[in-house]
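Coordinates from upload35.txt are shown below (compact mmCIF, C-alpha atoms).
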```txt
# COMPACT_ATOMS: atom_id res chain seq x y z
CA THR A 1 -11.39 6.62 24.39
CA GLU A 2 -9.86 3.15 24.60
CA ALA A 3 -6.88 4.14 22.46
CA PHE A 4 -5.21 1.32 20.55
CA ALA A 5 -1.80 2.57 21.71
CA HIS A 6 -0.22 4.86 24.33
CA ALA A 7 -3.08 4.48 26.81
CA ARG A 8 -2.22 6.51 29.91
CA PRO A 9 -4.02 7.56 33.11
CA TRP A 10 -5.78 10.93 33.16
CA TRP A 11 -3.02 12.51 35.26
CA PHE A 12 -0.16 11.50 32.91
CA LEU A 13 0.29 14.94 31.29
CA LEU A 14 -0.07 16.71 34.64
CA ALA A 15 2.80 14.61 35.97
CA LEU A 16 4.94 15.67 32.99
CA LEU A 17 4.39 19.41 33.50
CA PRO A 18 7.34 19.84 35.91
CA VAL A 19 9.64 18.50 33.18
CA LEU A 20 8.00 20.32 30.26
CA LEU A 21 7.98 23.66 32.11
CA PHE A 22 11.40 23.39 33.75
CA PRO A 23 13.17 25.57 34.88
CA TRP A 24 10.39 28.16 35.11
CA ILE A 25 8.06 26.02 37.19
CA ALA A 26 10.80 25.70 39.83
CA ALA A 27 11.39 29.46 40.17
CA PRO A 28 9.60 30.77 43.32
CA ALA A 29 9.76 34.34 42.00
CA LEU A 30 7.47 33.42 39.12
CA TRP A 31 4.93 31.82 41.44
CA ARG A 32 4.90 34.99 43.56
CA ALA A 33 4.49 37.12 40.43
CA GLY A 34 1.62 34.90 39.30
CA ALA A 35 -0.13 35.27 42.64
CA ARG A 36 0.05 39.08 42.34
CA ALA A 37 -0.91 39.25 38.64
CA ASP A 38 -4.23 40.56 37.37
CA TRP A 39 -5.58 37.50 35.57
CA ARG A 40 -8.36 39.60 34.03
CA ASP A 41 -5.69 40.77 31.59
CA PRO A 42 -6.82 39.49 28.13
CA GLY A 43 -3.31 38.41 27.16
CA LEU A 44 -2.89 36.29 30.27
CA ARG A 45 -6.36 34.80 29.85
CA LEU A 46 -5.70 33.99 26.19
CA CYS A 47 -2.56 32.04 27.16
CA LEU A 48 -4.46 30.22 29.91
CA VAL A 49 -7.20 29.19 27.48
CA TRP A 50 -4.61 28.20 24.86
CA GLY A 51 -2.53 26.01 27.16
CA GLY A 52 -5.14 24.99 29.71
CA ALA A 53 -7.80 23.85 27.25
CA ALA A 54 -5.29 21.63 25.42
CA LEU A 55 -4.08 20.15 28.70
CA LEU A 56 -7.66 19.41 29.78
CA LEU A 57 -8.76 17.90 26.47
CA PHE A 58 -5.67 15.74 26.04
CA SER A 59 -6.03 14.55 29.63
CA LEU A 60 -9.56 13.34 28.85
CA ILE A 61 -8.32 11.36 25.83
CA SER A 62 -6.99 7.91 26.74
CA GLY A 63 -4.03 7.97 24.32
CA LYS A 64 -1.36 10.39 25.56
CA GLN A 65 2.23 11.22 24.64
CA ALA A 66 4.51 13.87 26.11
CA HIS A 67 4.94 15.63 22.77
CA TYR A 68 1.20 16.30 22.44
CA LEU A 69 1.70 19.41 24.59
CA ILE A 70 4.64 20.81 22.62
CA PRO A 71 2.39 23.22 20.60
CA GLU A 72 1.22 24.71 23.90
CA LEU A 73 4.73 25.61 25.11
CA PRO A 74 4.65 29.04 23.37
CA ALA A 75 1.66 29.92 25.57
CA ALA A 76 3.72 29.01 28.65
CA ALA A 77 6.64 31.06 27.30
CA LEU A 78 4.42 34.11 26.86
CA LEU A 79 3.11 33.73 30.42
CA VAL A 80 6.65 33.47 31.80
CA ALA A 81 7.77 36.52 29.81
CA ARG A 82 4.80 38.59 31.03
CA LEU A 83 5.10 37.56 34.68
CA SER A 84 8.89 37.65 35.03
CA PRO A 85 10.33 40.28 37.34
CA GLU A 86 13.75 41.65 36.44
CA ARG A 87 16.76 39.49 37.31
CA PHE A 88 14.87 37.10 39.56
CA PRO A 89 17.01 34.34 41.17
CA LEU A 90 17.17 30.81 39.75
CA ARG A 91 18.75 29.09 42.72
CA VAL A 92 16.17 26.30 43.03
CA PRO A 93 16.17 25.11 39.37
CA ALA A 94 19.94 25.52 39.11
CA LEU A 95 20.54 23.46 42.25
CA LEU A 96 18.09 20.76 41.11
CA LEU A 97 19.79 20.50 37.72
CA ALA A 98 23.25 20.56 39.30
CA ALA A 99 22.24 17.68 41.58
CA ALA A 100 21.02 15.72 38.55
CA ALA A 101 24.30 16.42 36.74
CA LEU A 102 26.37 15.23 39.72
CA ALA A 103 24.25 12.07 39.86
CA GLY A 104 24.88 11.62 36.14
CA ILE A 105 28.65 11.81 36.70
CA VAL A 106 28.36 9.12 39.36
CA VAL A 107 26.42 6.92 36.93
CA ALA A 108 28.82 7.61 34.06
CA ALA A 109 31.75 6.67 36.27
CA GLY A 110 30.28 3.18 36.58
CA LEU A 111 29.51 3.41 40.30
CA VAL A 112 25.85 2.48 39.68
CA PRO A 113 25.03 -0.75 37.81
CA LEU A 114 22.77 -0.09 34.81
CA GLY A 115 22.42 -3.53 33.24
CA ARG A 116 21.65 -3.45 29.53
CA ALA A 117 21.54 0.35 29.54
CA GLU A 118 25.28 0.32 30.26
CA ALA A 119 25.96 -0.05 26.53
CA LEU A 120 24.21 3.25 25.77
CA LEU A 121 26.71 5.38 27.73
CA GLN A 122 29.85 4.36 25.90
CA PRO A 123 32.35 5.99 25.72
CA ARG A 124 32.03 7.15 29.32
CA ALA A 125 33.90 10.39 28.68
CA VAL A 126 30.92 11.75 26.72
CA PRO A 127 28.28 11.57 29.49
CA VAL A 128 30.82 13.01 31.92
CA ALA A 129 31.44 15.93 29.54
CA ALA A 130 27.67 16.41 29.08
CA CYS A 131 27.15 16.59 32.84
CA LEU A 132 30.02 19.05 33.23
CA LEU A 133 28.39 21.25 30.58
CA VAL A 134 25.16 21.18 32.61
CA LEU A 135 27.08 22.22 35.72
CA ALA A 136 28.62 25.10 33.78
CA THR A 137 25.20 26.30 32.63
CA CYS A 138 23.95 26.13 36.22
CA LEU A 139 26.75 28.48 37.25
CA ALA A 140 25.92 30.77 34.33
CA ALA A 141 22.24 30.82 35.31
CA LEU A 142 23.09 31.77 38.90
CA ARG A 143 25.22 34.64 37.62
CA LEU A 144 22.89 35.93 34.89
CA ARG A 145 19.58 35.49 36.76
CA GLY A 146 16.17 36.21 35.23
CA LEU A 147 15.13 35.26 31.70
CA ALA A 148 18.72 35.31 30.48
CA GLY A 149 19.74 32.86 33.18
CA GLY A 150 16.81 30.60 32.39
CA ALA A 151 17.69 30.67 28.70
CA ALA A 152 21.28 29.68 29.51
CA LEU A 153 20.02 26.88 31.74
CA THR A 154 17.64 25.43 29.16
CA LEU A 155 19.89 25.83 26.13
CA GLY A 156 22.85 24.35 27.98
CA THR A 157 20.79 21.37 29.08
CA VAL A 158 19.47 20.75 25.56
CA LEU A 159 22.99 20.99 24.13
CA SER A 160 24.27 18.54 26.72
CA LEU A 161 21.49 16.07 25.88
CA ASN A 162 22.33 16.35 22.18
CA LEU A 163 25.97 15.71 23.04
CA LEU A 164 24.97 12.70 25.13
CA VAL A 165 22.84 11.16 22.38
CA GLY A 166 24.94 12.16 19.38
CA PHE A 167 28.37 11.03 20.57
CA THR A 168 27.60 7.86 22.52
CA ALA A 169 26.39 4.43 21.43
CA THR A 170 22.82 5.65 21.90
CA ARG A 171 22.68 7.19 18.42
CA PRO A 172 23.58 4.10 16.34
CA LEU A 173 21.55 1.81 18.60
CA TYR A 174 18.43 3.91 17.95
CA ASP A 175 19.16 4.62 14.28
CA THR A 176 16.66 3.03 11.88
CA HIS A 177 18.91 3.41 8.83
CA ARG A 178 20.99 0.25 9.32
CA ILE A 179 18.03 -2.15 9.25
CA ALA A 180 16.26 -0.02 6.63
CA ALA A 181 19.28 -0.24 4.32
CA ALA A 182 19.40 -4.02 4.77
CA ILE A 183 15.75 -4.59 3.81
CA ALA A 184 14.98 -1.80 1.32
CA PRO A 185 16.49 -3.64 -1.71
CA PHE A 186 14.04 -6.51 -1.08
CA GLN A 187 10.89 -4.44 -1.64
CA PRO A 188 10.00 -6.16 -4.93
CA ALA A 189 10.53 -9.60 -3.36
CA GLY A 190 8.69 -8.89 -0.11
CA ILE A 191 9.50 -7.71 3.44
CA ALA A 192 8.09 -9.25 6.62
CA PHE A 193 8.30 -8.19 10.26
CA TYR A 194 7.85 -11.21 12.53
CA GLY A 195 7.45 -11.79 16.27
CA GLN A 196 5.97 -8.46 17.37
CA SER A 197 3.89 -5.52 16.19
CA TYR A 198 5.33 -3.35 13.45
CA HIS A 199 4.86 0.42 13.71
CA ALA A 200 6.51 1.43 10.42
CA GLU A 201 9.85 1.95 12.16
CA PHE A 202 11.85 1.45 8.96
CA ASN A 203 9.47 2.81 6.31
CA PHE A 204 10.83 6.35 6.21
CA ALA A 205 14.54 5.54 6.42
CA GLY A 206 14.16 2.79 3.81
CA ARG A 207 11.79 4.82 1.60
CA LEU A 208 9.54 1.77 1.59
CA THR A 209 6.58 2.03 -0.76
CA ALA A 210 5.19 -1.51 -0.48
CA PRO A 211 3.35 -2.80 2.61
CA VAL A 212 5.41 -4.72 5.18
CA ALA A 213 3.86 -8.09 6.01
CA THR A 214 3.34 -8.98 9.69
CA PRO A 215 2.91 -12.76 10.01
CA ALA A 216 1.72 -13.47 13.55
CA THR A 217 2.41 -17.21 13.89
CA ALA A 218 4.91 -19.75 12.62
CA GLY A 219 2.24 -21.01 10.22
CA ASP A 220 1.70 -17.51 8.86
CA LEU A 221 5.45 -17.13 8.40
CA ALA A 222 5.65 -20.45 6.53
CA ALA A 223 2.86 -19.33 4.22
CA TRP A 224 4.57 -15.99 3.63
CA LEU A 225 7.88 -17.75 2.84
CA ALA A 226 6.16 -19.95 0.31
CA ALA A 227 4.73 -16.87 -1.41
CA HIS A 228 7.93 -14.80 -1.15
CA PRO A 229 10.91 -17.15 -1.61
CA ALA A 230 13.29 -14.26 -2.29
CA GLY A 231 12.02 -11.96 0.46
CA VAL A 232 13.51 -10.79 3.75
CA ILE A 233 12.37 -11.07 7.39
CA VAL A 234 13.14 -8.80 10.37
CA ALA A 235 12.70 -10.10 13.93
CA ARG A 236 14.23 -9.96 17.38
CA LEU A 237 16.49 -12.78 18.50
CA ASP A 238 15.02 -12.68 22.02
CA ARG A 239 11.46 -13.21 20.72
CA ASP A 240 9.82 -15.43 18.11
CA HIS A 241 12.07 -15.52 15.06
CA PRO A 242 12.86 -17.75 12.05
CA ALA A 243 14.52 -21.05 12.93
CA TRP A 244 17.53 -20.81 10.62
CA PRO A 245 20.61 -18.64 11.30
CA PRO A 246 20.15 -14.94 10.46
CA HIS A 247 21.94 -13.34 7.54
CA GLU A 248 22.87 -10.32 9.67
CA THR A 249 22.48 -9.21 13.29
CA ILE A 250 21.82 -5.49 13.82
CA PRO A 251 21.22 -4.14 17.37
CA PHE A 252 18.34 -1.65 17.42
CA ARG A 253 16.76 0.11 20.41
CA ASN A 254 19.38 -1.65 22.50
CA ALA A 255 17.78 -5.01 21.57
CA PRO A 256 19.07 -7.89 19.39
CA TYR A 257 17.40 -7.51 16.00
CA ALA A 258 18.38 -9.60 13.00
CA VAL A 259 17.64 -9.97 9.29
CA TRP A 260 16.85 -13.32 7.65
CA HIS A 261 16.84 -13.98 3.90
CA ALA A 262 14.01 -16.22 2.78
CA ALA A 263 16.38 -17.79 0.25
CA ASP A 264 18.44 -19.18 3.16
CA ALA A 265 15.45 -20.97 4.71
CA PRO A 266 15.82 -24.77 4.81
CA ARG A 267 13.63 -26.43 2.21
CA PRO A 268 11.60 -29.53 3.06
CA GLU A 269 13.16 -32.66 1.60
CA SER A 270 11.23 -34.08 -1.33
CA SER A 271 9.83 -37.62 -0.98
CA PRO A 272 11.78 -40.31 -2.87
```
What do you get writing this file as structure tokens?
Amino acid sequence: TEAFAHARPWWFLLALLPVLLFPWIAAPALWRAGARADWRDPGLRLCLVWGGAALLLFSLISGKQAHYLIPELPAAALLVARLSPERFPLRVPALLLAAAALAGIVVAAGLVPLGRAEALLQPRAVPVAACLLVLATCLAALRLRGLAGGAALTLGTVLSLNLLVGFTATRPLYDTHRIAAAIAPFQPAGIAFYGQSYHAEFNFAGRLTAPVATPATAGDLAAWLAAHPAGVIVARLDRDHPAWPPHETIPFRNAPYAVWHAADAPRPESSP
């Protein structure tokens, strides 16, 4: 209770189920098969306990993330495989995904203003290609039907999302390696993260072994600079940051991050 991070309402994971279980949750044939099934079957009950107990327990915990339910997806897959009739239609999920893909093409064409998120979709040809791939998988799902059609629908969507992230500006803007490479050599001298909470974003990519300092105020930063005159500071330019010009500006998470060298900090003039 009272999680220090990721606090969500009790219904948060329930609201995510349509996404986590798509396209199967949108197939009417599976709902009809579930209504006719004998739920006294031990295999079906085992999957219900497996997935349902985790959903209930995680819903009672205040801290929630979508990926907490990933280990329960095999239980859902087994239920779908047991309940699936042969070659059942996938018109509803295919049409829903096709509508989303057409909306994505409209967005990628620049017909909808996106503000700062606009930078993530460059070059525009990539999101258009990703949406066209989704449309192709929708057609394949309508033709194949059943579990094979659903597999085509899901695999095609995942491939299109990988294409979208991997070949647009999203990948470098969410890559921790650039900032990690800039600060890792300063481990012996000291590394500080200033102006916001630090969640070890750069520890793995930079193979950092020493703690990263987190001065909370300008006074704390001044004290840290005095103790680490050859260190390095990471902060966002749109939040509290060191007063002197940064050594390097590196966009991260589509926000203006920068790196300051403590050696560049202005020194107070000595009294005559």
> Of the residues A:Leu96, A:Ala26, A:Ala109, A:Ile250, which is the one nearest to Pro172 in chain A, using all atoms listed in the file?
Replying inline: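 Answer, going by the shortest atom-to-atom distance: A:Ile250.
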> So what do you get for CA of Val158 in chain A versus CA of Glu201 in chain A, distance-wise?
Replying inline: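 Distance reported for this atom pair: 25.0 Å.
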>> Need the shell around Leu83 in chain A: protein/DNA/RNA residues with any atom at most 9 Å away, counting all atoms listed in the file. Skip same-chain ones fewer than 3 positions apart. Format as a PyMOL selection string?
In response: chain A and resi 30-31+33-34+37+78-80
> Quick one: residues within 12 Å of Val212 in chain A, all atoms listed in the file counted, chain neighbours fewer than 6 positions away excluded, as a PyMOL selection string?
Replying inline: chain A and resi 180+183-184+186-194+197-203+206+224+231-234
Output the selection as a short mmCIF file (atom, residue, chain, number, x, y, z; two decimals), in the frame of the given file - C-alpha atoms for each residue.
```cif
data_model
loop_
_atom_site.label_atom_id
_atom_site.label_comp_id
_atom_site.auth_asym_id
_atom_site.auth_seq_id
_atom_site.Cartn_x
_atom_site.Cartn_y
_atom_site.Cartn_z
CA ALA A 180 16.26 -0.02 6.63
CA ILE A 183 15.75 -4.59 3.81
CA ALA A 184 14.98 -1.80 1.32
CA PHE A 186 14.04 -6.51 -1.08
CA GLN A 187 10.89 -4.44 -1.64
CA PRO A 188 10.00 -6.16 -4.93
CA ALA A 189 10.53 -9.60 -3.36
CA GLY A 190 8.69 -8.89 -0.11
CA ILE A 191 9.50 -7.71 3.44
CA ALA A 192 8.09 -9.25 6.62
CA PHE A 193 8.30 -8.19 10.26
CA TYR A 194 7.85 -11.21 12.53
CA SER A 197 3.89 -5.52 16.19
CA TYR A 198 5.33 -3.35 13.45
CA HIS A 199 4.86 0.42 13.71
CA ALA A 200 6.51 1.43 10.42
CA GLU A 201 9.85 1.95 12.16
CA PHE A 202 11.85 1.45 8.96
CA ASN A 203 9.47 2.81 6.31
CA GLY A 206 14.16 2.79 3.81
CA TRP A 224 4.57 -15.99 3.63
CA GLY A 231 12.02 -11.96 0.46
CA VAL A 232 13.51 -10.79 3.75
CA ILE A 233 12.37 -11.07 7.39
CA VAL A 234 13.14 -8.80 10.37
#
```
> Quick one: distance from CA of Ala169 in chain A to CA of Pro123 in chain A in Å, one decimal?
Replying inline: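 Here the two named atoms are 7.5 Å from each other.
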>> To one decimal place in Å, what is the distance between CA of Ala210 in chain A and CA of Ile179 in chain A?
In response: 16.1 Å
>> Excluding Ala255 in chain A and its own-chain neighbours fewer than 3 positions away, which residues fall within 10 Å of it when counting only C-alpha atoms? Please give them as a ChimeraX atom specification.
In response: /A:116,173-174,236-238,250-252,258
Output C-alpha atoms of each residue in that selection to a file, as a PDB file, in the coordinates of the input.
```
ATOM      1  CA  ARG A 116      21.650  -3.450  29.530  1.00  0.00           C
ATOM      2  CA  LEU A 173      21.550   1.810  18.600  1.00  0.00           C
ATOM      3  CA  TYR A 174      18.430   3.910  17.950  1.00  0.00           C
ATOM      4  CA  ARG A 236      14.230  -9.960  17.380  1.00  0.00           C
ATOM      5  CA  LEU A 237      16.490 -12.780  18.500  1.00  0.00           C
ATOM      6  CA  ASP A 238      15.020 -12.680  22.020  1.00  0.00           C
ATOM      7  CA  ILE A 250      21.820  -5.490  13.820  1.00  0.00           C
ATOM      8  CA  PRO A 251      21.220  -4.140  17.370  1.00  0.00           C
ATOM      9  CA  PHE A 252      18.340  -1.650  17.420  1.00  0.00           C
ATOM     10  CA  ALA A 258      18.380  -9.600  13.000  1.00  0.00           C
TER      11      ALA A 258
END
```
> Nearest to Leu57 in chain A: which of A:Arg87, A:Leu13, A:Asn162, A:Val107 is it, counting only C-alpha atoms?
Replying inline: A:Leu13
>> Env of Thr170 in chain A: 9 Å cut, atoms = all atoms listed in the file, seq-sep filter 2 positions within chain, self excluded. Answer as a list in words.
In response: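 Answer for this query is Ala119, Leu120, Leu121, Gln122, Leu164, Val165, Gly166, Phe167, Thr168, Pro172, Leu173, Tyr174, Asp175, Arg253 and Asn254 of chain A.
All protein and nucleic acid residues in the vicinity of (0.1, 10.0, 24.2), that is within 6 Å when counting all atoms listed in the file, are A:His6, A:Gly63, A:Lys64, A:Gln65.
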